[in-house]
2 protein chains.
Amino acid sequence: MTASSAPVRQASVRAHNLALVLQTVANSTDPISRAAVAAATGLTRATVSALVDDLIAGSLLTEVDPAPRNGAGRPAAGLRTTPDGPAGLGLEINVDYRAACVVDLTGAVRHRLVEPGDQRPVDTATALAGLARLARRARDLAEGEGLTLAGAALAVPGLVAADGIVRVAPNLGWQDVTVGDLVDGLPVTVDNEANLAALSELGSGGLPPSFVYISGEIGIGAGIVLDGALFRGVRGWSGEIGHIAIDPDGPACRCGARGCLEQYAGQEAMLRTAGVAAVTDLAGADLTVAGRALGTAIATVVNLLDVDTVVLGGIYAPLLPRLRDAIAGEIERRVLTADWSPVTLRAATFGPDAAMRGAAGAVIRTVLDDPAGWLARSRAGR
Amino acid sequence: MTASSAPVRQASVRAHNLALVLQTVANSTDPISRAAVAAATGLTRATVSALVDDLIAGSLLTEVDPAPRNGAGRPAAGLRTTPDGPAGLGLEINVDYRAACVVDLTGAVRHRLVEPGDQRPVDTATALAGLARLARRARDLAEGEGLTLAGAALAVPGLVAADGIVRVAPNLGWQDVTVGDLVDGLPVTVDNEANLAALSELGSGGLPPSFVYISGEIGIGAGIVLDGALFRGVRGWSGEIGHIAIDPDGPACRCGARGCLEQYAGQEAMLRTAGVAAVTDLAGADLTVAGRALGTAIATVVNLLDVDTVVLGGIYAPLLPRLRDAIAGEIERRVLTADWSPVTLRAATFGPDAAMRGAAGAVIRTVLDDPAGWLARSRAGR
DNA sequence: CGGATTTGTTTATTGGTTGAATTATTTGAG
DNA sequence: CTCAAATAATTCAACCAATAAACAAATCCG
C-alpha cells in the first residue's frame, strides 16, 4: 500500500500547509513577503496570511524589515524565522571529546561547548553522566537567552537501532546502551554520527536532494540522503560502507571478514601504509592505495543508488586534493554510467562539528516539518 | 524542503482518501464491507460510503456478495475491485522473445501473448514495430472484453533514463532509443526489467516493504524497493549490481573494468565455470564461485541499505538451492549486523513473466495510487 | 414476535481554502 | 500637489469535504 495508510482530515491540510509556509520562509535567504510565499507555494494570499498569523502567534516567524524593492505598490512586510523560538540541542560523544551545541530556528549556532578528553577508559554510565552534565549546561545557556529547547539529538560513532538503542559503538566500548533521560524531560533521539553529519551537509545548502556523505574516522561510515531525507534502512543501520568488500582475499579486518574498505582507507590503515604517526602528516603522503579503495567503494555505491554527488567528510575532507585523482579514476572505470553522468566529489563544509550540528539541525527539522504539532505542544504548556 | 512543496486543498484530501479506500479494498483478499473499510482506515462510515459511491460510479469497485458472517446485524455488502474497469498493458522485449500481457484491477492476468524469436539481429525500428503490433493485438483482445487500458509499460533489459529514453540495452543492440507511441494515444512508460520484476514481486504479497530483487540473466540487475516504492535513483539507473567490483584484479569485463560481479555470476560466466552449454545443465553443477561472488555483492548491498530480504529471480530462482549455502556464508561473514538481524533469501515467485507482469502492475498501480485522477480523465471522455 | 446488533444513509455542523472585494501604502505622472 | 496605478495584506461570503449523531434497513436470537 502506497497511500500512507492514514486518513486525511481538514486538520492535516492545515498542518501540511503550515509546514509548507514555514519551510518556504526558512529556505529563503532574504526576508520574504506573504505575497511572495503565496506565489512560491501556490496558496492564495488569504490563506498564507491566515497561516502566517498562526506561525507568528506561536513565535516561529517574525516580521522584519523587508528586502528593499523598487517600483510602485505598498511595501511588503518581511518574514523570517524567529531566533527566539524553539531551538535544537545537538550532542556528540566520540573517542576523544564530547560536545554540545544549540542551534536556533534560523540555523544559527547559539552556543557551542566542547570537552576534549579520551572517552574510552570511562565506563558507559560515567560517560552518559558526563554527557548529561554537558547537556544541562547547554540547556541553561539556551534558556538564559529565552530559547525553548524542542528536543535533543545525540550523535554516536556506532550502530543505532531504530528504537534509539546503541547496539554497538566499538571505539567507545559501548554495547546495547540505552541513553535514556539526559536532560530532565527533554526527548532525546540517538543516531549514527555519519547520518547526522550528512544532515548537516544537507542543511548547508548547495547540495542536490540526493547524495552520500562518507565520514572517515577510525571507522568509515556513510550517511545516505535520498530526496532530501535521511535513508536509515529497515532497522537503522544503513550506510555501513566501512565493511564492504574491496578484495575478498585482502587483509583480515576486526569485523571477521577480509579485505573490508576500512583495511585500506580507515584512519589506521592510512597511517600504517604511509608510515606516519599523526593524521596531519598524511597531507604529505602518497594516498593512492586508500584513494583507489575508496573510489572502488564509491563506484559501488553509485552503481547501486545512482547518486551523482558524494561528500567526503572527517579526515577525508582535508585530504581530498590528494585523494581525488585515485577516487575519480576508479569511478571513471567502474561506474557504468560515468560517461553520461559525471559524479561530483566534494569536501564537507563543516569540519569536526558536522555531526553535532546535524544533530541540532535534526531537532529543528522536526519543528520545521511539523509546526502544527509544535504549536499544539507548546500551547499545551511546557 | 521536505513538505513536498505542493499546497494541499480540499480536493487533495478527497483524492488521498479515495486512494486509501480503493487500496484498502484492493489489498483485502475477501470482499470487504464499507464498515470494515471505515474501521481499517480510520475514516467514518459516512465518508467511506460517499467515497465508495464515487468509486462504484467510476467502475473501479463493484458490490458483490459479502463473505458470510455469523452473529446479529444487517448483512454487509461486499466490495471488490472490478474486473471490468481499467486494465494495464505490460510489455517486454528481451533477447529471445517479446511478450505482452493485460492485467485487470483485481490483479488477474486476462491475456498473455508471447512471441519467441531472437530480437538481436533485428534493427531497432523493426523491433519497435513488432512490439507495436503485439501491443495492438493485446489491446484489441482487452477492448473486446470491455476493458479500458489505462496505459502501458515496457520492460527493457538496459539502462532507462528518467525521461523514458533507453540509453543503452547492450544485449538488444539499442542505444538512445525513444520508444514513442506504440499503441495510438496510449501513454507508454519504459523501465528497466529488474525494476519491473521487483514490482511484480512486491505485488505478489508476502514480502516486507523494503527488499532487493536480483535478476540473473545475461546481465545482472537489481530492483530496489524501499518502503513499498521502487527506488529508481536520481537519473533512473539505480541497481546496476552487475558491475560492482568483487575483485579489483579479477577478469576483464565488457564494461571496461575488472572483476565485476557479472564475470563471476553472470549467465555466461556460470556456464563457462561449470563447463556446460545450457542453463538447464547448471542445476547439477558446482556453483560455489558464483554463489560466493553473489553473496559478497549481496553483503555489500545489505551493509549499505540495511534491507533484510533479498529475492533472487531470473536464472537464480531455480538455482537457489545450490547457491544458498555459498551466498549465506558470505552474508554471515561480511554483513556487520548479521548477528542481530538475519537476511532472508527467497526465490522469486514469478518466473520469466515477472518483468511483464510487473509492467502491467505498474500501470494499474497508477490507477490505485490516484483514482481521482483516473476518474477525472475517464469522465472527460476517453 | 421483539429487542439487540450491525450496516449503511441522511442531515446539520465544523474547519479550512478560495475568490472577490476592500483597505492600506507606496511610486510616478501630470 | 494631487490623483491614478500598482502592489500588499485583510475581510467576508461561498464552497467543499469530513465528522458526529440520528435514523433506516436488515438480520439474529431468545
# chains A, B, ... in the order shown; residues from 1 in each chain; ligands from 1
$ select_by_dssp --residues "region 89-176 of chain A" --states "alpha helix (DSSP H)" --output "PyMOL selection string"
chain A and resi 124-144
$ interface_residues --of "chain C" --to "chain B" --cutoff "8 Å" --atoms "only C-alpha atoms (C1' of nucleotides)" --output "list in words"
DA4, DT5, DT6, DT7, DG8, DT9 and DT17 of chain C
$ closest_atom_pairs --of "chain B" --to "chain A" --cutoff "7 Å" --atoms "only C-alpha atoms" --output "Markdown table"
| residue | atom | partner | partner_atom | distance |
| --- | --- | --- | --- | --- |
| B:Met1 | CA | A:Gln23 | CA | 6.4 |
| B:Thr2 | CA | A:Gly228 | CA | 6.4 |
| B:Ala3 | CA | A:Leu20 | CA | 5.8 |
| B:Ser5 | CA | A:Leu20 | CA | 6.3 |
| B:Ala6 | CA | A:Thr41 | CA | 6.5 |
| B:Pro7 | CA | A:Asn17 | CA | 6.1 |
| B:Val8 | CA | A:Val13 | CA | 5.9 |
| B:Arg9 | CA | A:Val13 | CA | 6.9 |
| B:Val13 | CA | A:Val8 | CA | 5.9 |
| B:Asn17 | CA | A:Pro7 | CA | 6.1 |
| B:Ala19 | CA | A:Ala3 | CA | 6.5 |
| B:Leu20 | CA | A:Ala3 | CA | 5.8 |
| B:Gln23 | CA | A:Met1 | CA | 6.6 |
| B:Thr41 | CA | A:Pro7 | CA | 6.2 |
| B:Gly42 | CA | A:Pro7 | CA | 6.2 |
| B:Leu43 | CA | A:Pro7 | CA | 6.2 |
| B:Gly228 | CA | A:Thr2 | CA | 6.4 |
| B:Gly233 | CA | A:Asp306 | CA | 4.8 |
| B:Val234 | CA | A:Val307 | CA | 5.8 |
| B:Arg235 | CA | A:Asp306 | CA | 6.8 |
| B:Trp237 | CA | A:Asp306 | CA | 5.9 |
| B:Ser238 | CA | A:Asp306 | CA | 4.7 |
| B:Gly239 | CA | A:Leu304 | CA | 4.3 |
| B:Glu240 | CA | A:Asn303 | CA | 5.0 |
| B:Ile241 | CA | A:Leu304 | CA | 6.0 |
| B:Ile244 | CA | A:Thr300 | CA | 5.1 |
| B:Ala245 | CA | A:Thr300 | CA | 6.9 |
| B:Ile246 | CA | A:Asp247 | CA | 6.7 |
| B:Asp247 | CA | A:Asp247 | CA | 5.1 |
| B:Pro248 | CA | A:Asp247 | CA | 6.5 |
| B:Cys255 | CA | A:Leu336 | CA | 7.0 |
| B:Gly256 | CA | A:Arg333 | CA | 6.7 |
| B:Ala257 | CA | A:Arg333 | CA | 5.6 |
| B:Thr300 | CA | A:Ile244 | CA | 5.1 |
| B:Asn303 | CA | A:Glu240 | CA | 5.0 |
| B:Leu304 | CA | A:Gly239 | CA | 4.4 |
| B:Leu305 | CA | A:Ser238 | CA | 4.7 |
| B:Asp306 | CA | A:Ser238 | CA | 4.7 |
| B:Val307 | CA | A:Val234 | CA | 5.8 |
| B:Arg333 | CA | A:Ala257 | CA | 5.6 |
| B:Arg334 | CA | A:Ala257 | CA | 5.6 |
| B:Leu336 | CA | A:Cys255 | CA | 7.0 |
| B:Asp369 | CA | A:Ala3 | CA | 6.7 |
$ write_last_selection --atoms "N, CA and C atoms" --output "CSV table (one decimal), in the first residue's frame"
chain,number,residue,atom,x,y,z
B,1,MET,N,13.9,21.1,1.6
B,1,MET,CA,12.4,21.1,1.9
B,1,MET,C,11.8,19.8,1.9
B,2,THR,N,11.2,19.4,2.9
B,2,THR,CA,10.6,18.0,3.0
B,2,THR,C,9.1,18.0,2.7
B,3,ALA,N,8.4,19.1,3.0
B,3,ALA,CA,7.0,19.1,2.8
B,3,ALA,C,6.6,19.3,1.3
B,5,SER,N,6.6,20.3,-1.3
B,5,SER,CA,6.3,21.7,-1.9
B,5,SER,C,5.1,21.8,-2.7
B,6,ALA,N,4.0,21.1,-2.5
B,6,ALA,CA,2.8,21.4,-3.2
B,6,ALA,C,1.7,21.7,-2.1
B,7,PRO,N,0.9,22.7,-2.4
B,7,PRO,CA,-0.1,23.1,-1.5
B,7,PRO,C,-1.2,22.0,-1.4
B,8,VAL,N,-1.9,21.9,-0.4
B,8,VAL,CA,-3.0,20.9,-0.3
B,8,VAL,C,-4.3,21.6,-0.1
B,9,ARG,N,-5.2,21.3,-1.0
B,9,ARG,CA,-6.5,21.9,-0.9
B,9,ARG,C,-7.5,20.8,-0.6
B,13,VAL,N,-7.5,16.3,-0.4
B,13,VAL,CA,-8.0,15.4,0.7
B,13,VAL,C,-8.8,14.3,0.2
B,17,ASN,N,-8.0,10.3,0.2
B,17,ASN,CA,-8.9,9.3,0.9
B,17,ASN,C,-9.5,8.3,-0.1
B,19,ALA,N,-8.0,7.2,-2.7
B,19,ALA,CA,-7.0,6.2,-2.9
B,19,ALA,C,-6.9,5.2,-1.7
B,20,LEU,N,-7.0,5.8,-0.6
B,20,LEU,CA,-6.9,5.0,0.7
B,20,LEU,C,-8.0,3.9,0.7
B,23,GLN,N,-7.4,1.3,-2.2
B,23,GLN,CA,-6.3,0.4,-1.9
B,23,GLN,C,-6.7,-0.6,-0.7
B,41,THR,N,-9.4,2.1,7.9
B,41,THR,CA,-8.7,3.3,7.5
B,41,THR,C,-8.8,4.4,8.6
B,42,GLY,N,-9.8,4.3,9.5
B,42,GLY,CA,-10.0,5.4,10.4
B,42,GLY,C,-10.9,6.5,10.0
B,43,LEU,N,-11.4,6.3,8.8
B,43,LEU,CA,-12.5,7.3,8.3
B,43,LEU,C,-13.8,6.9,8.9
B,228,GLY,N,7.9,0.1,0.1
B,228,GLY,CA,6.8,-0.2,-0.8
B,228,GLY,C,6.9,0.6,-2.1
B,233,GLY,N,16.6,6.0,-8.2
B,233,GLY,CA,17.8,6.8,-8.3
B,233,GLY,C,17.6,8.1,-8.9
B,234,VAL,N,18.6,8.9,-8.9
B,234,VAL,CA,18.5,10.3,-9.4
B,234,VAL,C,18.1,10.3,-10.9
B,235,ARG,N,18.8,9.5,-11.7
B,235,ARG,CA,18.6,9.6,-13.1
B,235,ARG,C,17.8,8.4,-13.7
B,237,TRP,N,18.9,5.0,-13.1
B,237,TRP,CA,19.7,3.8,-13.3
B,237,TRP,C,20.3,3.3,-12.0
B,238,SER,N,19.5,3.2,-11.0
B,238,SER,CA,19.9,2.5,-9.8
B,238,SER,C,20.0,1.0,-10.0
B,239,GLY,N,20.6,0.3,-9.1
B,239,GLY,CA,20.6,-1.2,-9.1
B,239,GLY,C,21.5,-1.8,-10.1
B,240,GLU,N,22.5,-1.1,-10.6
B,240,GLU,CA,23.4,-1.8,-11.5
B,240,GLU,C,24.4,-2.6,-10.8
B,241,ILE,N,23.9,-3.7,-10.2
B,241,ILE,CA,24.7,-4.5,-9.3
B,241,ILE,C,25.7,-5.4,-10.1
B,244,ILE,N,29.4,-4.1,-9.9
B,244,ILE,CA,30.1,-3.8,-8.7
B,244,ILE,C,31.3,-4.7,-8.6
B,245,ALA,N,32.3,-4.2,-8.0
B,245,ALA,CA,33.6,-4.9,-8.0
B,245,ALA,C,33.7,-6.0,-7.0
B,246,ILE,N,34.0,-7.2,-7.4
B,246,ILE,CA,34.2,-8.3,-6.5
B,246,ILE,C,35.7,-8.5,-6.2
B,247,ASP,N,36.5,-8.3,-7.2
B,247,ASP,CA,37.9,-8.5,-7.0
B,247,ASP,C,38.5,-7.5,-8.0
B,248,PRO,N,39.3,-6.5,-7.4
B,248,PRO,CA,39.8,-5.4,-8.3
B,248,PRO,C,40.7,-5.9,-9.4
B,255,CYS,N,32.5,-4.1,-19.6
B,255,CYS,CA,32.3,-2.7,-19.3
B,255,CYS,C,33.6,-2.0,-19.3
B,256,GLY,N,34.7,-2.7,-19.3
B,256,GLY,CA,36.0,-2.0,-19.3
B,256,GLY,C,36.7,-2.1,-18.0
B,257,ALA,N,36.0,-2.4,-16.9
B,257,ALA,CA,36.6,-2.6,-15.6
B,257,ALA,C,37.1,-4.1,-15.4
B,300,THR,N,27.4,-6.5,0.4
B,300,THR,CA,27.6,-5.1,0.2
B,300,THR,C,26.3,-4.3,0.2
B,303,ASN,N,24.9,-4.2,3.7
B,303,ASN,CA,25.6,-3.2,4.5
B,303,ASN,C,25.3,-1.8,4.2
B,304,LEU,N,25.0,-1.5,2.9
B,304,LEU,CA,24.7,-0.2,2.5
B,304,LEU,C,23.3,0.2,2.8
B,305,LEU,N,22.3,-0.7,2.5
B,305,LEU,CA,20.9,-0.3,2.5
B,305,LEU,C,20.2,-0.9,3.7
B,306,ASP,N,20.8,-1.8,4.4
B,306,ASP,CA,20.1,-2.4,5.5
B,306,ASP,C,18.7,-2.9,5.2
B,307,VAL,N,18.6,-3.7,4.1
B,307,VAL,CA,17.4,-4.4,3.8
B,307,VAL,C,17.5,-5.8,4.4
B,333,ARG,N,29.5,-13.8,7.0
B,333,ARG,CA,30.9,-13.3,7.2
B,333,ARG,C,31.0,-11.8,7.0
B,334,ARG,N,30.3,-11.2,6.1
B,334,ARG,CA,30.5,-9.8,5.7
B,334,ARG,C,29.5,-8.8,6.1
B,336,LEU,N,27.9,-6.8,8.7
B,336,LEU,CA,28.3,-6.4,10.0
B,336,LEU,C,27.2,-6.7,11.1
B,369,ASP,N,-3.1,4.3,-7.2
B,369,ASP,CA,-2.5,5.4,-6.4
B,369,ASP,C,-3.2,6.7,-6.6
$ interface_residues --of "chain D" --to "chain A" --cutoff "8 Å" --atoms "only C-alpha atoms (C1' of nucleotides)" --output "PyMOL selection string"
chain D and resi 6-10+17-18
$ atom_distance --atom1 "CA of Leu134 (chain A)" --atom2 "CA of Thr106 (chain A)"
23.3 Å
$ atom_distance --atom1 "CA of Ala372 (chain B)" --atom2 "CA of Leu89 (chain B)"
20.4 Å
$ select_by_dssp --residues "region 98-253 of chain A" --states "strand (DSSP E)" --output "PyMOL selection string"
chain A and resi 98-104+109-116+148-156+159-160+166-169+174-177+188-192+211-216+220-226+229-231
$ atom_distance --atom1 "CA of Leu199 (chain A)" --atom2 "CA of Ala360 (chain A)"
9.8 Å
$ residues_around --residues "Val103 (chain A)" --least-positions-apart "2" --cutoff "9 Å" --atoms "only C-alpha atoms (C1' of nucleotides)" --output "tab-separated table (two decimals) with N, CA and C atoms, in the first residue's frame"
chain	number	residue	atom	x	y	z
A	87	ALA	N	14.58	25.85	19.81
A	87	ALA	CA	15.95	25.59	19.42
A	87	ALA	C	16.24	24.11	19.57
A	88	GLY	N	17.27	23.66	18.90
A	88	GLY	CA	17.65	22.25	18.97
A	88	GLY	C	18.96	22.09	19.72
A	89	LEU	N	19.01	21.06	20.55
A	89	LEU	CA	20.23	20.75	21.27
A	89	LEU	C	20.92	19.58	20.57
A	90	GLY	N	22.11	19.85	20.05
A	90	GLY	CA	22.87	18.80	19.38
A	90	GLY	C	23.98	18.30	20.29
A	101	CYS	N	25.87	21.61	21.21
A	101	CYS	CA	25.62	22.92	20.63
A	101	CYS	C	24.13	23.19	20.58
A	105	LEU	N	16.10	28.42	15.24
A	105	LEU	CA	15.30	28.18	14.04
A	105	LEU	C	15.90	28.81	12.78
A	106	THR	N	16.70	29.85	12.97
A	106	THR	CA	17.31	30.48	11.80
A	106	THR	C	18.51	29.68	11.32
A	107	GLY	N	18.91	28.69	12.09
A	107	GLY	CA	20.06	27.89	11.72
A	107	GLY	C	21.35	28.37	12.37
A	108	ALA	N	21.26	29.43	13.15
A	108	ALA	CA	22.47	29.97	13.78
A	108	ALA	C	22.88	29.12	14.99
A	109	VAL	N	24.18	28.91	15.14
A	109	VAL	CA	24.70	28.20	16.31
A	109	VAL	C	24.79	29.21	17.44
A	110	ARG	N	23.96	29.01	18.47
A	110	ARG	CA	23.91	29.99	19.55
A	110	ARG	C	24.90	29.69	20.65
A	111	HIS	N	25.15	28.42	20.87
A	111	HIS	CA	26.14	28.04	21.88
A	111	HIS	C	26.89	26.83	21.39
A	357	ARG	N	26.31	19.51	14.73
A	357	ARG	CA	25.40	20.46	14.07
A	357	ARG	C	24.25	19.73	13.40
A	360	ALA	N	21.70	18.90	16.07
A	360	ALA	CA	20.86	20.04	16.42
A	360	ALA	C	19.90	20.35	15.27
A	361	GLY	N	20.41	20.26	14.06
A	361	GLY	CA	19.58	20.50	12.88
A	361	GLY	C	18.43	19.52	12.78
A	363	VAL	N	16.85	18.25	15.17
A	363	VAL	CA	15.80	18.66	16.11
A	363	VAL	C	14.98	19.80	15.52
A	364	ILE	N	15.65	20.84	15.01
A	364	ILE	CA	14.85	21.94	14.49
A	364	ILE	C	14.09	21.51	13.23
$ residues_around --residues "DT2 (chain D)" --least-positions-apart "3" --cutoff "12 Å" --atoms "only C-alpha atoms (C1' of nucleotides)" --output "VMD selection string"
chain C and resid 28 to 30
$ residues_around --residues "Tyr97 (chain B)" --least-positions-apart "3" --cutoff "6 Å" --atoms "only C-alpha atoms (C1' of nucleotides)" --output "compact mmCIF listing (two decimals) with C-alpha atoms, in the first residue's frame"
# COMPACT_ATOMS: atom_id res chain seq x y z
CA ASN B 94 14.24 -9.28 -24.40
CA GLU B 115 6.36 -14.22 -29.43
CA PRO B 116 9.63 -16.15 -29.21
CA GLY B 117 12.40 -15.20 -31.59
